[in-house]
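Chemist: run.csv is reproduced in full below (CSV, C-alpha atoms).
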chain,number,residue,atom,x,y,z
A,1,MET,CA,0.0,0.0,0.0
A,2,GLY,CA,1.2,3.4,-0.9
A,3,VAL,CA,1.6,6.1,1.7
A,4,THR,CA,-0.7,9.0,1.1
A,5,SER,CA,0.2,12.4,2.5
A,6,ARG,CA,-2.4,14.3,4.4
A,7,PRO,CA,-3.6,17.4,2.5
A,8,ASN,CA,-2.7,20.8,3.8
A,9,PRO,CA,-5.6,22.4,5.6
A,10,GLU,CA,-7.1,25.4,4.0
A,11,PRO,CA,-6.3,28.8,5.6
A,12,PRO,CA,-9.2,30.4,7.5
A,13,VAL,CA,-11.5,32.6,5.5
A,14,SER,CA,-12.1,36.1,6.8
A,15,LEU,CA,-15.7,37.1,7.1
A,16,PRO,CA,-16.7,40.2,5.0
A,17,ASP,CA,-18.1,43.2,6.8
A,18,PRO,CA,-21.9,43.2,6.7
A,19,THR,CA,-23.6,45.7,4.4
A,20,PRO,CA,-25.2,48.6,6.2
A,21,LEU,CA,-29.0,48.6,6.6
A,22,PRO,CA,-30.8,50.8,4.1
A,23,GLY,CA,-32.6,53.8,5.6
A,24,PRO,CA,-33.5,54.5,9.2
A,25,LYS,CA,-34.5,51.8,11.7
A,26,LYS,CA,-38.0,50.7,11.0
A,27,LEU,CA,-40.8,51.5,13.4
A,28,GLY,CA,-44.3,50.1,13.4
A,29,VAL,CA,-47.0,51.9,11.3
A,30,LEU,CA,-48.8,53.0,14.4
A,31,SER,CA,-45.7,54.5,16.0
A,32,ARG,CA,-44.8,56.4,12.7
A,33,LEU,CA,-48.2,57.6,11.4
A,34,ALA,CA,-50.3,57.8,14.6
A,35,PRO,CA,-51.5,61.3,15.5
A,36,GLU,CA,-50.0,63.0,18.6
A,37,PRO,CA,-52.8,62.1,21.0
A,38,MET,CA,-52.5,58.5,20.0
A,39,LYS,CA,-48.8,58.6,20.7
A,40,VAL,CA,-49.5,60.0,24.2
A,41,VAL,CA,-51.8,57.0,24.8
A,42,LEU,CA,-49.1,54.6,23.6
A,43,ASN,CA,-46.5,56.2,25.9
A,44,TRP,CA,-49.0,56.0,28.8
A,45,GLY,CA,-49.5,52.3,28.2
A,46,ARG,CA,-45.8,51.7,27.9
A,47,ARG,CA,-44.9,53.5,31.1
A,48,TYR,CA,-47.4,51.5,33.2
A,49,SER,CA,-46.7,48.0,31.9
A,50,LEU,CA,-42.9,47.6,32.5
A,51,TRP,CA,-41.9,44.0,32.7
A,52,VAL,CA,-38.7,44.2,34.8
A,53,PHE,CA,-35.7,41.8,34.5
A,54,ASN,CA,-33.5,42.0,37.7
A,55,PHE,CA,-29.8,41.4,37.0
A,56,GLY,CA,-28.8,41.0,40.6
A,57,LEU,CA,-25.1,40.8,41.2
A,58,ALA,CA,-24.6,41.7,44.9
A,59,CYS,CA,-26.3,43.1,48.0
A,60,CYS,CA,-28.3,45.7,46.1
A,61,ALA,CA,-30.4,42.9,44.7
A,62,ILE,CA,-31.8,42.3,48.2
A,63,GLU,CA,-33.1,45.8,48.2
A,64,PHE,CA,-34.7,45.2,44.8
A,65,ILE,CA,-36.5,42.2,46.2
A,66,ALA,CA,-37.6,44.2,49.2
A,67,ALA,CA,-39.1,46.8,46.8
A,68,SER,CA,-41.2,44.1,45.1
A,69,MET,CA,-42.6,42.7,48.4
A,70,ALA,CA,-45.9,43.8,50.0
A,71,ARG,CA,-44.5,46.6,52.1
A,72,HIS,CA,-43.3,48.7,49.2
A,73,ASP,CA,-45.1,46.9,46.3
A,74,PHE,CA,-43.8,48.5,43.1
A,75,ILE,CA,-46.4,46.5,41.2
A,76,ARG,CA,-48.9,49.3,42.1
A,77,LEU,CA,-46.7,51.6,39.9
A,78,GLY,CA,-47.2,49.4,36.9
A,79,VAL,CA,-43.9,47.4,37.2
A,80,ILE,CA,-44.3,43.7,36.8
A,81,PRO,CA,-41.4,41.9,38.5
A,82,PHE,CA,-39.5,38.8,37.5
A,83,ALA,CA,-40.1,38.5,33.7
A,84,PRO,CA,-39.6,35.0,32.4
A,85,GLY,CA,-36.4,36.2,30.6
A,86,PRO,CA,-34.8,39.1,28.8
A,87,ARG,CA,-36.8,38.5,25.7
A,88,GLN,CA,-40.0,39.3,27.6
A,89,ALA,CA,-38.6,42.2,29.5
A,90,ASP,CA,-38.9,46.0,29.0
A,91,LEU,CA,-36.7,47.1,31.9
A,92,MET,CA,-33.4,45.8,33.2
A,93,VAL,CA,-32.4,46.7,36.7
A,94,VAL,CA,-28.6,46.2,37.2
A,95,SER,CA,-28.0,45.9,41.0
A,96,GLY,CA,-24.6,45.1,42.4
A,97,THR,CA,-20.9,45.1,41.4
A,98,VAL,CA,-20.3,44.6,37.7
A,99,THR,CA,-17.1,42.8,37.1
A,100,ASP,CA,-15.1,42.5,33.8
A,101,LYS,CA,-15.9,38.8,33.8
A,102,MET,CA,-19.7,39.4,34.1
A,103,ALA,CA,-19.8,42.4,31.7
A,104,PRO,CA,-20.2,40.3,28.5
A,105,ALA,CA,-23.2,38.5,30.1
A,106,VAL,CA,-24.8,41.8,31.0
A,107,LYS,CA,-24.4,43.1,27.5
A,108,ARG,CA,-25.6,39.9,25.9
A,109,LEU,CA,-28.8,39.8,27.9
A,110,TYR,CA,-29.4,43.5,27.2
A,111,GLU,CA,-29.2,42.9,23.5
A,112,GLN,CA,-31.8,40.1,23.8
A,113,MET,CA,-34.4,42.5,25.1
A,114,PRO,CA,-36.9,43.8,22.6
A,115,GLU,CA,-37.2,47.5,21.8
A,116,PRO,CA,-38.0,49.8,23.4
A,117,LYS,CA,-36.0,48.8,26.4
A,118,TYR,CA,-34.8,50.7,29.4
A,119,VAL,CA,-32.1,50.3,32.1
A,120,ILE,CA,-31.9,51.4,35.7
A,121,SER,CA,-28.5,51.4,37.4
A,122,PHE,CA,-29.3,50.6,41.0
A,123,GLY,CA,-26.6,51.3,43.6
A,124,ALA,CA,-23.1,52.9,43.7
A,125,CYS,CA,-21.4,49.7,42.4
A,126,SER,CA,-23.4,49.6,39.2
A,127,ASN,CA,-23.2,53.4,38.8
A,128,CYS,CA,-19.4,53.8,39.0
A,129,GLY,CA,-17.8,50.8,40.7
A,130,GLY,CA,-18.7,51.9,44.3
A,131,PRO,CA,-16.1,51.1,47.0
A,132,TYR,CA,-14.4,48.6,44.5
A,133,TRP,CA,-13.9,51.2,41.8
A,134,ASP,CA,-10.1,50.8,41.9
A,135,SER,CA,-10.1,47.0,41.7
A,136,TYR,CA,-8.5,45.5,38.7
A,137,SER,CA,-11.5,43.3,38.0
A,138,VAL,CA,-14.4,45.7,38.4
A,139,THR,CA,-16.1,47.6,35.6
A,140,LYS,CA,-16.3,51.3,36.4
A,141,GLY,CA,-20.0,51.5,35.9
A,142,VAL,CA,-22.5,49.5,33.8
A,143,ASP,CA,-22.8,52.5,31.5
A,144,GLN,CA,-19.4,51.4,30.1
A,145,ILE,CA,-21.1,48.6,28.2
A,146,ILE,CA,-24.9,49.4,27.9
A,147,PRO,CA,-26.9,52.7,27.9
A,148,VAL,CA,-28.5,53.7,31.2
A,149,ASP,CA,-31.7,55.7,31.5
A,150,VAL,CA,-31.8,56.3,35.3
A,151,TYR,CA,-29.1,56.2,38.0
A,152,VAL,CA,-30.1,55.4,41.6
A,153,PRO,CA,-27.3,56.3,44.1
A,154,GLY,CA,-26.7,54.6,47.4
A,155,CYS,CA,-24.7,51.8,49.0
A,156,PRO,CA,-27.1,50.1,49.1
A,157,PRO,CA,-30.1,52.3,48.2
A,158,ARG,CA,-33.3,51.9,50.1
A,159,PRO,CA,-36.3,50.4,48.4
A,160,GLU,CA,-37.9,53.8,48.3
A,161,ALA,CA,-35.0,55.0,46.2
A,162,LEU,CA,-35.8,52.4,43.6
A,163,LEU,CA,-39.4,53.5,43.6
A,164,GLN,CA,-38.3,57.1,43.0
A,165,GLY,CA,-36.1,55.8,40.1
A,166,ILE,CA,-39.0,54.0,38.6
A,167,LEU,CA,-41.1,57.2,38.7
A,168,LYS,CA,-38.3,59.2,37.0
A,169,LEU,CA,-38.1,56.5,34.3
A,170,GLN,CA,-41.9,56.7,33.8
A,171,GLU,CA,-41.7,60.5,33.4
A,172,LYS,CA,-39.0,60.0,30.8
A,173,ILE,CA,-41.2,57.4,28.9
A,174,ALA,CA,-44.2,59.7,29.0
A,175,ARG,CA,-42.4,62.5,27.0
A,176,GLU,CA,-40.3,60.4,24.7
A,177,SER,CA,-40.6,60.1,20.9
A,178,LEU,CA,-39.9,56.8,19.4
A,179,ALA,CA,-39.2,58.3,16.1
A,180,GLU,CA,-36.4,60.5,17.6
A,181,ARG,CA,-35.1,57.5,19.7
A,182,TYR,CA,-34.7,55.1,16.8
A,183,THR,CA,-34.0,57.3,13.7
A,184,THR,CA,-31.2,59.5,14.9
A,185,GLU,CA,-28.8,56.7,15.6
A,186,ASP,CA,-26.2,55.3,13.3
A,187,THR,CA,-28.0,52.6,11.2
A,188,ALA,CA,-24.8,50.8,10.0
A,189,ARG,CA,-24.2,47.4,11.4
A,190,PRO,CA,-21.0,46.8,13.4
A,191,SER,CA,-18.0,45.6,11.4
A,192,ALA,CA,-16.7,42.1,11.5
A,193,ALA,CA,-13.7,43.2,13.6
A,194,ALA,CA,-16.0,44.8,16.1
A,195,LEU,CA,-18.0,41.6,16.4
A,196,ARG,CA,-14.9,39.6,17.0
A,197,SER,CA,-13.5,42.0,19.7
A,198,GLY,CA,-14.2,40.9,23.2
A,199,LEU,CA,-14.8,42.9,26.4
A,200,VAL,CA,-12.3,40.8,28.4
A,201,ALA,CA,-8.9,40.2,27.0
A,202,ALA,CA,-7.8,36.5,26.8
A,203,PRO,CA,-5.0,35.5,29.2
A,204,LYS,CA,-1.5,35.4,27.8
A,205,THR,CA,0.3,32.1,27.3
A,206,PRO,CA,3.5,31.6,29.3
A,207,GLY,CA,5.5,32.1,26.1
A,208,GLU,CA,3.9,35.5,25.4
A,209,GLU,CA,4.6,36.6,29.0
A,210,ARG,CA,8.3,36.0,28.6
A,211,THR,CA,8.5,38.1,25.5
Here is the file; what I need is its structure written in the form of structure tokens.
Modeler:
Amino acid sequence: MGVTSRPNPEPPVSLPDPTPLPGPKKLGVLSRLAPEPMKVVLNWGRRYSLWVFNFGLACCAIEFIAASMARHDFIRLGVIPFAPGPRQADLMVVSGTVTDKMAPAVKRLYEQMPEPKYVISFGACSNCGGPYWDSYSVTKGVDQIIPVDVYVPGCPPRPEALLQGILKLQEKIARESLAERYTTEDTARPSAAALRSGLVAAPKTPGEERT
């Protein structure tokens, strides 16, 4: 039997950059063509039917749970706690210390939420890193990775502070325009290089450390 040589593997193929989306982001017909009084009604319904997704990371998550219990009862404000998942949620409450290792998970779950979506940063750690701001492994605020609508200060904040933050968010929703929110942004898709870039750098191999 003759010896057959193994064929050389083909080099990896670089993915092309995606083509930009034509025109502005699409809105529903009702959101684009409805008269102003109808848009007021839509905003009114949106502000009082917020399905909340709690991304609890540390002690501030306990205060969020207290705000959802019978004593404070933020359901009376139109906030429905404990959505089945991010795809059924309108509001994400990030409570606790966001580390560099957890940051990709926060961003991934935020991207799974349907539009329009909102974020409340609850507590000093999620606002700016809190008492751990100078740690090598702590993200200096969740707004470094996702947009934040309302910041609630405190370490930890009381449940009443979260209720105030929800009221501020509802005021913002009541006067917002979806057309301005979704047509003024850059409509181009991220490049292939941006999609391949990670938030957390991979550890170096021992050979790379010596060089």
Chemist: So what do you get for atom CA of A:Phe64 versus atom CA of A:Ser95, distance-wise?
Modeler: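 Interatomic distance here is 7.7 Å.
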Chemist: Just the number, please: distance in Å from atom CA of A:Ala61 to atom CA of A:Val94, one decimal.
Modeler: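 Computing it gives 8.4 Å between the two atoms.
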Chemist: What is the atom CA of A:Lys39 to atom CA of A:Tyr151 distance in Å?
Modeler: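 We find that atom CA of A:Lys39 and atom CA of A:Tyr151 lie 26.3 Å from each other.
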Chemist: From the set A:Pro116, A:Gly141, A:Pro157, A:Gly56, which residue has the shortest atom-to-atom contact distance to A:Gln88, counting all atoms listed in the file?
Modeler: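 That would be A:Pro116, the residue with the smallest distance to A:Gln88.
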Chemist: Which of these residues is nearest to A:Leu162, using all atoms listed in the file: A:Ala83, A:Ile75, A:Leu50, A:Ala67?
Modeler: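 So, comparing all the options, the nearest one is A:Ala67.
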Chemist: Determine, counting all atoms listed in the file, which protein, DNA and RNA residues have an atom within 12 Å of an atom of A:Tyr132; residues of the same chain fewer than 6 positions away are not included. Present the result as a list in words.
Modeler: Gly96, Thr97, Val98, Thr99, Ala124, Cys125, Ser126, Val138, Thr139, Lys140, Gly141 and Cys155 of chain A
Chemist: Just the residues within 10 Å of A:Lys107, please, counting all atoms listed in the file, with nothing from its chain fewer than 2 positions along; format it as an NGL selection string.
Modeler: :A and (102-105 or 109-112 or 142 or 145-147 or 199)
Chemist: Taking only C-alpha atoms into account, name the residue in A:Asp100, A:Glu115, A:Glu160, A:Glu171 that is nearest to A:His72.
Modeler: A:Glu160
Chemist: Counting only C-alpha atoms, figure out which residue out of A:Ala70, A:Cys60, A:Val52, A:Cys128 gets nearest to A:Ile166.
Modeler: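 Looking at the shortest contact to A:Ile166, the residue is A:Val52.
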Chemist: Have a look at A:Gln144, A:Ser177, A:Ser137, A:Ser68 and name the one nearest to A:Leu163; count only C-alpha atoms.
Modeler: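 Smallest separation from A:Leu163 among the options: A:Ser68.
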Chemist: Which of these residues is nearest to A:Pro84, using all atoms listed in the file: A:Leu42, A:Val119, A:Leu167, A:Met113?
Modeler: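 Smallest distance to A:Pro84 is found for A:Met113.
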Chemist: So which residues are close to (-50.9, 56.5, 28.2), meaning at most 12 Å away in the file's coordinates with only C-alpha atoms counted, and can you show them as a VMD selection string?
Modeler: chain A and resid 36 to 49 78 170 to 171 173 to 176
